[in-house]
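Visitor: This is the structure, below, for whatever I ask next.
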Number of protein chains: 2
Amino acid sequence: MKSTAYLLATVLCASPAFADEGMWTFDNFPSAKVRAKYGVDITQAWLDHVRNNAVRLSTGCSASIVSGNALVLTNNHCVAACAQDLSSIGHDYYTHGYTALNASEERKCAGMQAEILTSISDVTPQVTAAGKGLAGDALVKARTAVTSTIEKQGCPDTALNRCQVVNLYHGGQYKLYKYRKYSDVRLILSPGVQTAFFGGDPDNFNFPRYDLDSAFVRLYENGIPVKTPDHLKWNSSPPRDGEPVFVAGNPGGTDRQLTMAQLAAQRELTLPVTALRFSELRGRLVRFSEENPENRRIAQDLLFGLENSYKVYFGRLFTLNDDAFLAAKARDEAALRGNPAAQQALAAAGTPDPWGTIAGATQQMRDLYLPYTFVERGPTGSQLFVYAKSLVRAAAERAKPSAERLPGYADSRLPLLEKQILDPVPVYRSLEQQTLEFWLSKAREYLTADDPSTKLLLGRNSPEQLSAQLAASKLGDGALRKALWNGGWAAVKASSDPMIQYLIRIDPDARRLLTAWNEKVDGPITAASEALAKARFAAFGTSVYPDATFTLRLSYGQIAGWNEKGRQVPAFTNFAGLYERATGQDPFKLDPRWVAAKGKLNPNTIFDISTTNDVIGGNSGSPLINANGEVIGAIFDGNIHSIGGDYGYDPANNRSVAVSTAAVSEALRKVYGANNIVDELERP
Amino acid sequence: MKSTAYLLATVLCASPAFADEGMWTFDNFPSAKVRAKYGVDITQAWLDHVRNNAVRLSTGCSASIVSGNALVLTNNHCVAACAQDLSSIGHDYYTHGYTALNASEERKCAGMQAEILTSISDVTPQVTAAGKGLAGDALVKARTAVTSTIEKQGCPDTALNRCQVVNLYHGGQYKLYKYRKYSDVRLILSPGVQTAFFGGDPDNFNFPRYDLDSAFVRLYENGIPVKTPDHLKWNSSPPRDGEPVFVAGNPGGTDRQLTMAQLAAQRELTLPVTALRFSELRGRLVRFSEENPENRRIAQDLLFGLENSYKVYFGRLFTLNDDAFLAAKARDEAALRGNPAAQQALAAAGTPDPWGTIAGATQQMRDLYLPYTFVERGPTGSQLFVYAKSLVRAAAERAKPSAERLPGYADSRLPLLEKQILDPVPVYRSLEQQTLEFWLSKAREYLTADDPSTKLLLGRNSPEQLSAQLAASKLGDGALRKALWNGGWAAVKASSDPMIQYLIRIDPDARRLLTAWNEKVDGPITAASEALAKARFAAFGTSVYPDATFTLRLSYGQIAGWNEKGRQVPAFTNFAGLYERATGQDPFKLDPRWVAAKGKLNPNTIFDISTTNDVIGGNSGSPLINANGEVIGAIFDGNIHSIGGDYGYDPANNRSVAVSTAAVSEALRKVYGANNIVDELERP
């Protein structure tokens, strides 16, 4: 539990950042500050070299190229879903890991695409012009259209490239990010969760930590590994306490620039409702998993995801209930409201009170949130629902011109969507039934039995009955999905699949809710946030960094522990600590290979590392880089205080957690006998 | 979801109550107010007659005597645990109900004791004198001792009577409540949850409602029914909209007099942590129940309790996140702080700032709450843990003089404790294992793996492993419990039962946590709350009512619906509505007897009733009484707005929900063929 002193020292990002705070874009990195504080010269060449080897994985993670044959370092938990998908009864790669012994065993990860940022260009004028004079749903639609057009023009060759218009500073800037993409990503080595997630959920977000949360994939193109001669250098010598370090990765999202009204809506509505739902679903899946080993095997990645998210939401809820933290946030908001330059900018734009507009939109949100969540967003954890919704929507949207489609269905977005729908993954009917039943049951509970949305979703069925019908869908069959994707609306409409028919039935209402959401919530907040961004630029220029957006950022900092209520937490753990912590009981049970290797391993090998870098979910797998631009670790977590980092970075306590390259090299050689990989990594 | 306008009109009870607010003690009922508003004359004779027939059930409910042979009306959900305990494989009385066809089938409810209040006397001087000059744990101990002594002296004949010192107005008054007790309470008729809880959790706390949530038990003494010639009259004629009505029962607890700091501690810590835990345990039990019919049968009462409590905590959390409600509470607190009479009283007592003292104690509470909860309070839903803890503690405490024992183990408390330990109830090992595993797993999660309390509870075991060991306890065997109860410390210490040995091992630490809690939380709050009570009396006299304490209260009001966001909700439902709402799917599936009886029942029979009475959990089963003192229904719920009633009564929206005697009589005759019961009820 977080004490009330927590985050008292927080420097909020409405003010210019100092300490090691900041998730900086590569075109606005504060090199001068870094030089002054750490004496390290971050040159343009350094930035370009790192950027060229920083990888974004479409599955929500970060990574880096660490060999000349496109060997990519990421976290085990970033490839765990892939290991789960490759598993089958009796082959639980998720738990026990996977090692490709030769090229033929390097197996494709379903839905995984690797993306490397090649250029950033400013498209703010085009985007803002497209929304001029519009509001609500019309504004959202106009922005969607112009985004679609810019992306399509920016990347004519969608086989090799992907373009994305990125909204930075909540509409303060719009930039076109162009990526070189690799759609064939293969699993090379995963140690398995028993080793990579030793300590499991109890130790998640805690430090000291003893996790080998690293894994390797390889980029392929035309059936052979991509040549990557200018990769990042792998340095497995022991890191030093206090040494300056950098993290290049894709933080998924932060809420540091939200207004007090937006934070209140999270605290009072969205966070508790989400945490409570996740909590109950977690309970169902824990019991489901205990029923038999096969249930445990098929539910484990979903359960991990739920538990991880739950811990994040729980921590955020407690941060937003911290009086001292809220007072600091309120002071920051008041300071911006009172800043003369900001006031002038707002007056000039004819938007004197964006805070009030946002507060009004959050009130509308309170009414719309539950139906929107249950009907338009749908269940947590149902692959069948995602397939059916994507197929039904894509069939309808692809009949329109690209610029008129829903977000996510523009031409620039279709290649990845198609890959995600068509790549083969196993679908488990029993698990589907449980997640669908849970969703329908919570919809009825939160909306009440008599609500029109409940009646839409359930009719006179019970959640138990309807979920069983829907889980009988055959959309787990890739050939059927392919036929429906290629067949378009005619094929979809003619399908007798129960999930497809269900989605066709509820889709008109789901779209109405989406339109209402755009009209009353998203549209007004988009417009007001742009005004706020202008006010911030007027007050602080670009000495502030934008909230995270799952796009490439660079964070600086140093290797350091912290002081936990009077006790100093060291920056490093070592292999000896792992063996001490093992109890023989899950999740503190060692992989037999580690038991066997104990005598061979150097017990003093630095295992996990605490650093001051400012990271958040999405940064998982990011390379930890030294001043020379060499990889010395992979970020895989933050400490418990880092969860509050969603709202603001606390230099005293916020720490990121990485696994060291030293540990990875030692384990690869002595535990996994993977000398070939170490040789590839350490080839000069 | 509650809108922010909710409770804007709340009249908080730091100010004198008006509207139909108030849970009044029988020695301070505002008869003049009732006469003025409703023209009804509540005489002392009326009060005595009602009090003499108002029953408190030790299982946490209220009830009333409604025949000359001690037939007692309560709710089905108040006897559901009894029906569950009487059930066995193939005999699911919980779901389908139980009807005793003759005296031999009137079966004893385990642990249930009926108590009728016979006198109230003031013991404030003795209690306050006993704590004079003391603080913290010493104050708590002195109060426990004097309470034990007063109770023992007040009720020398513990076979017939029970005495309880009741803390009213948070220490403003201490009163000795003397009860005539009946330890042999037998089940006569339960319709079963399919009928009594039609609509299940989705409809719980909602209205319109279609539940026959009524049941009958009978008081026995010396093997025969008690004679109760002066019982309340059963009136099954249709009630009238707007008619004045009264509720005599035992509201379990309210938090209307808490300070802002106490409310903040609930909002920020205890409510979310409890709701989240209940939510996950609920998920586990839902899935457990789905595994097979026997699991469903054995888990159903525990699951109902969890879901009911969850909904309450959820609603309270949202009330405490309501800005308008909090602002009203803050205004009330400021008004009392600024009241000159209150200030003088506080200055005279040498306690100028009890609010500050309480705020300080809630800060201490934030550190102690989790270890105290997990170690001292223990698991939710484990009967074995409760048995073992009671046996271990009772063995140690009974060796001391009564006044030196822990609360709950004084001589005055032992008879009921003994009954609760020795009465036979089934214990289910699979369910025990699940609740124990959950508890241990959450302890490790919330406290973290390295916390001393986690190490105390788990050692190097996993929750899965330890829970399996503990669930193997033989304490489900009543003979073993009796031997341990009678054998005292020597027998307990010598027992090889794993749960007994576990409790012996953790008890010293649990006691240390209890002492710390008393020293830092309970003691300071007790002292400061007494000072606050003096300030309130100085400002308002006894025109305010005390927070609920599961002691007898009388509420006045009228039959009335309310306006829900512009739509008028009628005060009544009828049988026709039940048949319309039935879908054939649980929990909207009719009992086959109701399907069969449809043609015989009068469809216009008034079924459930909405009234303005101020009630809360513990009031379940309370008689709804008309101006003539006749029973016209049984309270079984409140509407969704009533949940916020924990913190303040909202006259516009807060409604209690009762089942009508009209519906009960009609159903008894035409659905259950229980003419004998109706004849007994309607005998003049």
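Chain identifiers are assigned as A, B, and so on, following the order in which chains appear in the structure tokens; residues are numbered from 1 within each chain, and ligands are numbered from 1 in order of appearance.
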So that I can check the surroundings of Arg460 (chain B), please list as an MDAnalysis selection string every protein, DNA and RNA residue that reaches within 9 Å of it, counting only C-alpha atoms and ignoring chain neighbours fewer than 6 positions away.

Guide: chainID A and resid 583:585

Visitor: Enumerate as a PyMOL selection string all residues of region 311-352 of chain A assigned to alpha helix (DSSP H) by DSSP on the backbone, naming them with the chain letters and numbers the document uses.

Guide: chain A and resi 311-320+323-338+340-348

Visitor: Residues within 12 Å of Ala516 (chain B), please, as a ChimeraX atom specification. Count only C-alpha atoms; anything in the same chain fewer than 4 positions from it doesn't count.

Guide: /B:136-138,140,361,364-365,367-369,371-372,376,509-512,520-524

Visitor: Select from chain A every residue with an atom at most 8 Å from any atom of chain B, then for each give the shortest pair of atoms and their distance in Å to one decimal, using only C-alpha atoms, rows by chain and rising number, as JSON lines.

Guide:
```
{"residue": "A:Met1", "atom": "CA", "partner": "B:Tyr446", "partner_atom": "CA", "distance": 7.5}
{"residue": "A:Ser3", "atom": "CA", "partner": "B:Arg366", "partner_atom": "CA", "distance": 8.0}
{"residue": "A:Asp201", "atom": "CA", "partner": "B:Glu445", "partner_atom": "CA", "distance": 7.7}
{"residue": "A:Pro202", "atom": "CA", "partner": "B:Glu445", "partner_atom": "CA", "distance": 5.3}
{"residue": "A:Asp203", "atom": "CA", "partner": "B:Ala449", "partner_atom": "CA", "distance": 7.2}
{"residue": "A:Glu268", "atom": "CA", "partner": "B:Asn321", "partner_atom": "CA", "distance": 5.7}
{"residue": "A:Pro272", "atom": "CA", "partner": "B:Pro272", "partner_atom": "CA", "distance": 7.8}
{"residue": "A:Ala275", "atom": "CA", "partner": "B:Leu276", "partner_atom": "CA", "distance": 7.4}
{"residue": "A:Leu276", "atom": "CA", "partner": "B:Leu276", "partner_atom": "CA", "distance": 5.6}
{"residue": "A:Arg277", "atom": "CA", "partner": "B:Ser279", "partner_atom": "CA", "distance": 7.6}
{"residue": "A:Ser279", "atom": "CA", "partner": "B:Glu280", "partner_atom": "CA", "distance": 4.8}
{"residue": "A:Glu280", "atom": "CA", "partner": "B:Glu280", "partner_atom": "CA", "distance": 4.1}
{"residue": "A:Leu281", "atom": "CA", "partner": "B:Gly283", "partner_atom": "CA", "distance": 6.0}
{"residue": "A:Arg282", "atom": "CA", "partner": "B:Glu280", "partner_atom": "CA", "distance": 6.4}
{"residue": "A:Gly283", "atom": "CA", "partner": "B:Gly283", "partner_atom": "CA", "distance": 4.3}
{"residue": "A:Arg284", "atom": "CA", "partner": "B:Gly283", "partner_atom": "CA", "distance": 4.3}
{"residue": "A:Leu285", "atom": "CA", "partner": "B:Arg284", "partner_atom": "CA", "distance": 7.5}
{"residue": "A:Val286", "atom": "CA", "partner": "B:Arg284", "partner_atom": "CA", "distance": 6.8}
{"residue": "A:Arg287", "atom": "CA", "partner": "B:Arg284", "partner_atom": "CA", "distance": 5.3}
{"residue": "A:Phe288", "atom": "CA", "partner": "B:Arg287", "partner_atom": "CA", "distance": 6.7}
{"residue": "A:Phe318", "atom": "CA", "partner": "B:Glu268", "partner_atom": "CA", "distance": 6.9}
{"residue": "A:Asn321", "atom": "CA", "partner": "B:Glu268", "partner_atom": "CA", "distance": 5.7}
{"residue": "A:Asp322", "atom": "CA", "partner": "B:Glu268", "partner_atom": "CA", "distance": 8.0}
{"residue": "A:Arg366", "atom": "CA", "partner": "B:Ser3", "partner_atom": "CA", "distance": 8.0}
{"residue": "A:Arg444", "atom": "CA", "partner": "B:Pro202", "partner_atom": "CA", "distance": 6.7}
{"residue": "A:Glu445", "atom": "CA", "partner": "B:Pro202", "partner_atom": "CA", "distance": 5.3}
{"residue": "A:Tyr446", "atom": "CA", "partner": "B:Met1", "partner_atom": "CA", "distance": 7.5}
{"residue": "A:Leu447", "atom": "CA", "partner": "B:Met1", "partner_atom": "CA", "distance": 8.0}
{"residue": "A:Thr448", "atom": "CA", "partner": "B:Pro202", "partner_atom": "CA", "distance": 6.3}
{"residue": "A:Ala449", "atom": "CA", "partner": "B:Pro202", "partner_atom": "CA", "distance": 6.3}
{"residue": "A:Arg460", "atom": "CA", "partner": "B:Thr583", "partner_atom": "CA", "distance": 6.0}
{"residue": "A:Asn461", "atom": "CA", "partner": "B:Gln585", "partner_atom": "CA", "distance": 6.8}
{"residue": "A:Ser462", "atom": "CA", "partner": "B:Gln585", "partner_atom": "CA", "distance": 5.9}
{"residue": "A:Thr583", "atom": "CA", "partner": "B:Arg460", "partner_atom": "CA", "distance": 6.0}
{"residue": "A:Gln585", "atom": "CA", "partner": "B:Ser462", "partner_atom": "CA", "distance": 5.9}
{"residue": "A:Asp586", "atom": "CA", "partner": "B:Ser462", "partner_atom": "CA", "distance": 6.9}
```

Visitor: Go ahead and write the residues just picked, C-alpha atoms, as an mmCIF file, in the first residue's frame.

Guide:
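Here's the written file part.cif:
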```
data_model
loop_
_atom_site.group_PDB
_atom_site.id
_atom_site.type_symbol
_atom_site.label_atom_id
_atom_site.label_comp_id
_atom_site.auth_asym_id
_atom_site.auth_seq_id
_atom_site.Cartn_x
_atom_site.Cartn_y
_atom_site.Cartn_z
ATOM 1 C CA MET A 1 0.000 0.000 0.000
ATOM 2 C CA SER A 3 1.774 5.886 1.882
ATOM 3 C CA ASP A 201 2.142 -12.143 -9.702
ATOM 4 C CA PRO A 202 3.275 -11.701 -6.061
ATOM 5 C CA ASP A 203 6.625 -10.318 -7.221
ATOM 6 C CA GLU A 268 -14.562 7.603 -9.576
ATOM 7 C CA PRO A 272 -12.863 1.043 -10.043
ATOM 8 C CA ALA A 275 -10.426 -3.175 -11.593
ATOM 9 C CA LEU A 276 -13.534 -4.781 -10.113
ATOM 10 C CA ARG A 277 -14.408 -6.518 -13.366
ATOM 11 C CA SER A 279 -10.804 -8.935 -10.326
ATOM 12 C CA GLU A 280 -13.859 -11.126 -10.727
ATOM 13 C CA LEU A 281 -12.796 -12.474 -14.118
ATOM 14 C CA ARG A 282 -9.448 -13.252 -12.581
ATOM 15 C CA GLY A 283 -11.207 -15.245 -9.866
ATOM 16 C CA ARG A 284 -13.142 -17.207 -12.447
ATOM 17 C CA LEU A 285 -10.006 -17.986 -14.424
ATOM 18 C CA VAL A 286 -7.991 -18.948 -11.364
ATOM 19 C CA ARG A 287 -10.603 -21.558 -10.494
ATOM 20 C CA PHE A 288 -10.905 -22.574 -14.166
ATOM 21 C CA PHE A 318 -4.573 4.395 -5.054
ATOM 22 C CA ASN A 321 -6.884 8.669 -4.023
ATOM 23 C CA ASP A 322 -3.734 10.225 -2.638
ATOM 24 C CA ARG A 366 -20.418 9.103 -16.899
ATOM 25 C CA ARG A 444 -26.616 -7.203 -17.002
ATOM 26 C CA GLU A 445 -25.273 -6.398 -13.550
ATOM 27 C CA TYR A 446 -23.875 -2.950 -14.292
ATOM 28 C CA LEU A 447 -26.537 -1.813 -16.738
ATOM 29 C CA THR A 448 -29.358 -3.628 -14.852
ATOM 30 C CA ALA A 449 -31.670 -6.236 -16.344
ATOM 31 C CA ARG A 460 -34.444 -13.209 -22.955
ATOM 32 C CA ASN A 461 -31.394 -15.454 -22.772
ATOM 33 C CA SER A 462 -29.261 -15.988 -19.735
ATOM 34 C CA THR A 583 10.884 -22.286 -2.114
ATOM 35 C CA GLN A 585 6.488 -23.980 -4.616
ATOM 36 C CA ASP A 586 5.008 -22.073 -7.554
#
```

Visitor: So, with only C-alpha atoms as the atoms that count, which of B:Ala403, B:Leu552, B:Leu503, B:Cys163 lies closest to Ala54 (chain B)?

Guide: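 Closest to Ala54 (chain B) of all the choices is B:Leu552.
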
Visitor: Counting only C-alpha atoms, figure out which residue out of A:Ser31, A:Ser555, A:Thr147, A:Ser453 gets nearest to Asp507 (chain A).

Guide: A:Ser453

Visitor: Using only C-alpha atoms, which residues sit within 12 Å of Ala596 (chain B) once same-chain residues fewer than 4 positions away are excluded, as number ranges by chain?

Guide: B: 579, 590-592, 600-601, 670-672

Visitor: Using only C-alpha atoms, pick whichever of A:Leu431, A:Leu475, A:Val375, A:Ala196 has the shortest atom-to-atom distance to Leu513 (chain A).

Guide: A:Val375

Visitor: Within 6 Å of region 231-241 of chain B, counting only C-alpha atoms, which residues qualify if same-chain residues fewer than 3 places away don't, as a CSV table (one decimal) with N, CA and C atoms, in the first residue's frame?

Guide:
```csv
chain,number,residue,atom,x,y,z
B,53,ASN,N,-42.8,-7.7,20.7
B,53,ASN,CA,-43.0,-8.7,19.6
B,53,ASN,C,-41.9,-8.6,18.5
B,65,ILE,N,-43.1,-11.6,16.1
B,65,ILE,CA,-44.0,-12.7,16.5
B,65,ILE,C,-45.4,-12.3,15.9
B,66,VAL,N,-46.0,-13.3,15.2
B,66,VAL,CA,-47.2,-13.0,14.5
B,66,VAL,C,-48.3,-14.1,14.7
B,67,SER,N,-48.1,-14.9,15.8
B,67,SER,CA,-49.2,-15.8,16.2
B,67,SER,C,-49.1,-16.1,17.6
B,228,THR,N,-47.4,-17.1,23.0
B,228,THR,CA,-47.2,-15.6,22.8
B,228,THR,C,-48.6,-15.0,22.5
B,559,ILE,N,-45.9,4.5,2.6
B,559,ILE,CA,-45.8,3.8,1.4
B,559,ILE,C,-45.7,4.8,0.3
B,630,GLU,N,-50.5,-3.3,13.4
B,630,GLU,CA,-50.6,-4.6,12.7
B,630,GLU,C,-49.5,-4.8,11.6
B,631,VAL,N,-49.1,-6.1,11.5
B,631,VAL,CA,-48.1,-6.4,10.5
B,631,VAL,C,-48.7,-6.4,9.1
B,632,ILE,N,-48.2,-5.7,8.2
B,632,ILE,CA,-48.7,-5.7,6.8
B,632,ILE,C,-47.6,-6.1,5.8
B,661,THR,N,-48.0,-8.8,3.4
B,661,THR,CA,-48.7,-9.9,4.0
B,661,THR,C,-49.8,-10.4,3.1
B,662,ALA,N,-50.3,-9.5,2.3
B,662,ALA,CA,-51.4,-10.0,1.3
B,662,ALA,C,-50.8,-11.0,0.4
```

Visitor: From a DSSP calculation on the backbone, collect every residue of region 184-306 of chain A in strand (DSSP E) and output the set as a short mmCIF file (atom, residue, chain, number, x, y, z; two decimals) with N, CA and C atoms, in the first residue's frame.

Guide:
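Writing done, so here's result_33.cif:
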```
data_model
loop_
_atom_site.label_atom_id
_atom_site.label_comp_id
_atom_site.auth_asym_id
_atom_site.auth_seq_id
_atom_site.Cartn_x
_atom_site.Cartn_y
_atom_site.Cartn_z
N ASP A 184 7.15 -11.06 -40.77
CA ASP A 184 7.50 -12.45 -40.48
C ASP A 184 8.52 -12.44 -39.34
N VAL A 185 7.99 -12.64 -38.13
CA VAL A 185 8.83 -12.59 -36.94
C VAL A 185 8.80 -13.98 -36.31
N ARG A 186 9.97 -14.56 -36.07
CA ARG A 186 10.00 -15.96 -35.61
C ARG A 186 10.64 -16.09 -34.22
N LEU A 187 10.11 -17.01 -33.49
CA LEU A 187 10.57 -17.23 -32.12
C LEU A 187 11.86 -18.03 -32.12
N ILE A 188 12.87 -17.50 -31.44
CA ILE A 188 14.18 -18.17 -31.34
C ILE A 188 14.34 -18.79 -29.95
N LEU A 189 14.13 -17.99 -28.93
CA LEU A 189 14.33 -18.52 -27.58
C LEU A 189 13.45 -17.80 -26.57
N SER A 190 12.71 -18.59 -25.82
CA SER A 190 11.96 -18.08 -24.68
C SER A 190 12.30 -18.96 -23.49
N ALA A 215 13.90 -12.59 -24.15
CA ALA A 215 13.62 -13.57 -25.18
C ALA A 215 14.17 -13.05 -26.49
N PHE A 216 14.29 -13.95 -27.44
CA PHE A 216 14.79 -13.54 -28.76
C PHE A 216 13.84 -13.98 -29.85
N VAL A 217 13.63 -13.06 -30.78
CA VAL A 217 12.94 -13.40 -32.03
C VAL A 217 13.88 -12.98 -33.17
N ARG A 218 13.51 -13.38 -34.37
CA ARG A 218 14.33 -12.99 -35.53
C ARG A 218 13.42 -12.48 -36.63
N LEU A 219 13.87 -11.43 -37.30
CA LEU A 219 13.10 -10.88 -38.42
C LEU A 219 13.46 -11.64 -39.70
N TYR A 220 12.43 -12.05 -40.39
CA TYR A 220 12.60 -12.74 -41.67
C TYR A 220 11.95 -11.90 -42.78
N GLU A 221 12.51 -12.07 -43.95
CA GLU A 221 11.87 -11.48 -45.14
C GLU A 221 12.17 -12.41 -46.32
N ILE A 224 14.08 -15.68 -45.48
CA ILE A 224 15.42 -15.75 -44.87
C ILE A 224 15.60 -14.60 -43.88
N PRO A 225 16.52 -14.76 -42.93
CA PRO A 225 16.75 -13.70 -41.94
C PRO A 225 17.20 -12.42 -42.62
N PRO A 244 25.19 6.19 -16.31
CA PRO A 244 24.07 6.73 -17.09
C PRO A 244 23.55 5.69 -18.08
N VAL A 245 22.26 5.61 -18.18
CA VAL A 245 21.64 4.62 -19.08
C VAL A 245 20.45 5.23 -19.81
N PHE A 246 20.11 4.64 -20.92
CA PHE A 246 19.08 5.16 -21.80
C PHE A 246 18.12 4.03 -22.18
N VAL A 247 16.88 4.39 -22.36
CA VAL A 247 15.89 3.39 -22.76
C VAL A 247 15.19 3.88 -24.03
N ALA A 248 15.32 3.10 -25.10
CA ALA A 248 14.65 3.45 -26.36
C ALA A 248 13.50 2.46 -26.56
N GLY A 249 12.29 2.98 -26.50
CA GLY A 249 11.16 2.06 -26.63
C GLY A 249 9.86 2.82 -26.78
#
```

Visitor: Suppose you want the space between CA of Lys493 (chain A) and CA of Glu432 (chain A); what is it in Å?

Guide: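 Distance reported for this atom pair: 22.8 Å.
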
Visitor: If I take CA of Arg56 (chain A) and CA of Leu86 (chain A), how far is one from the other in Å, to one decimal?

Guide: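 So the answer is 21.6 Å.
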
Visitor: What lies within 10 Å of Gly242 (chain B) using only C-alpha atoms, ignoring chain neighbours under 4 positions off, as a PyMOL selection string?

Guide: chain B and resi 38+557-561+571+611-612

Visitor: I'd like the contact shell of Gln126 (chain A) - 9 Å cut-off, only C-alpha atoms, skipping same-chain residues fewer than 4 positions apart - returned as an NGL selection string.

Guide: :A and (130 or 146 or 150 or 174)

Visitor: Got time to write the residues from that selection, all heavy atoms, as a CSV table (one decimal), in the first residue's frame?

Guide:
```csv
chain,number,residue,atom,x,y,z
A,130,ALA,N,-8.2,20.2,-41.2
A,130,ALA,CA,-9.3,19.3,-41.6
A,130,ALA,C,-10.5,19.3,-40.6
A,130,ALA,O,-11.6,19.0,-41.0
A,130,ALA,CB,-8.8,17.9,-41.8
A,146,VAL,N,-8.8,12.6,-42.6
A,146,VAL,CA,-7.5,13.2,-43.1
A,146,VAL,C,-6.3,12.3,-42.7
A,146,VAL,O,-5.3,12.2,-43.4
A,146,VAL,CB,-7.3,14.7,-42.5
A,146,VAL,CG1,-7.1,14.7,-41.0
A,146,VAL,CG2,-6.2,15.4,-43.2
A,150,ILE,N,-3.5,11.0,-45.3
A,150,ILE,CA,-2.1,11.3,-45.1
A,150,ILE,C,-1.3,10.0,-45.0
A,150,ILE,O,-0.2,9.8,-45.6
A,150,ILE,CB,-1.8,12.1,-43.8
A,150,ILE,CG1,-2.4,13.5,-43.9
A,150,ILE,CG2,-0.3,12.2,-43.4
A,150,ILE,CD1,-2.5,14.3,-42.7
A,174,TYR,N,0.6,16.9,-34.6
A,174,TYR,CA,0.4,15.7,-35.3
A,174,TYR,C,1.6,15.4,-36.2
A,174,TYR,O,2.0,16.3,-37.0
A,174,TYR,CB,-0.9,15.8,-36.2
A,174,TYR,CG,-2.2,15.9,-35.3
A,174,TYR,CD1,-2.6,17.2,-34.9
A,174,TYR,CD2,-2.9,14.8,-34.9
A,174,TYR,CE1,-3.8,17.3,-34.1
A,174,TYR,CE2,-4.0,14.9,-34.1
A,174,TYR,CZ,-4.4,16.2,-33.7
A,174,TYR,OH,-5.5,16.3,-32.9
```

Visitor: Could you check which of B:Met499, B:Asn563, B:Lys598, B:Leu484 is closest to Ala576 (chain B), using only C-alpha atoms?

Guide: B:Lys598
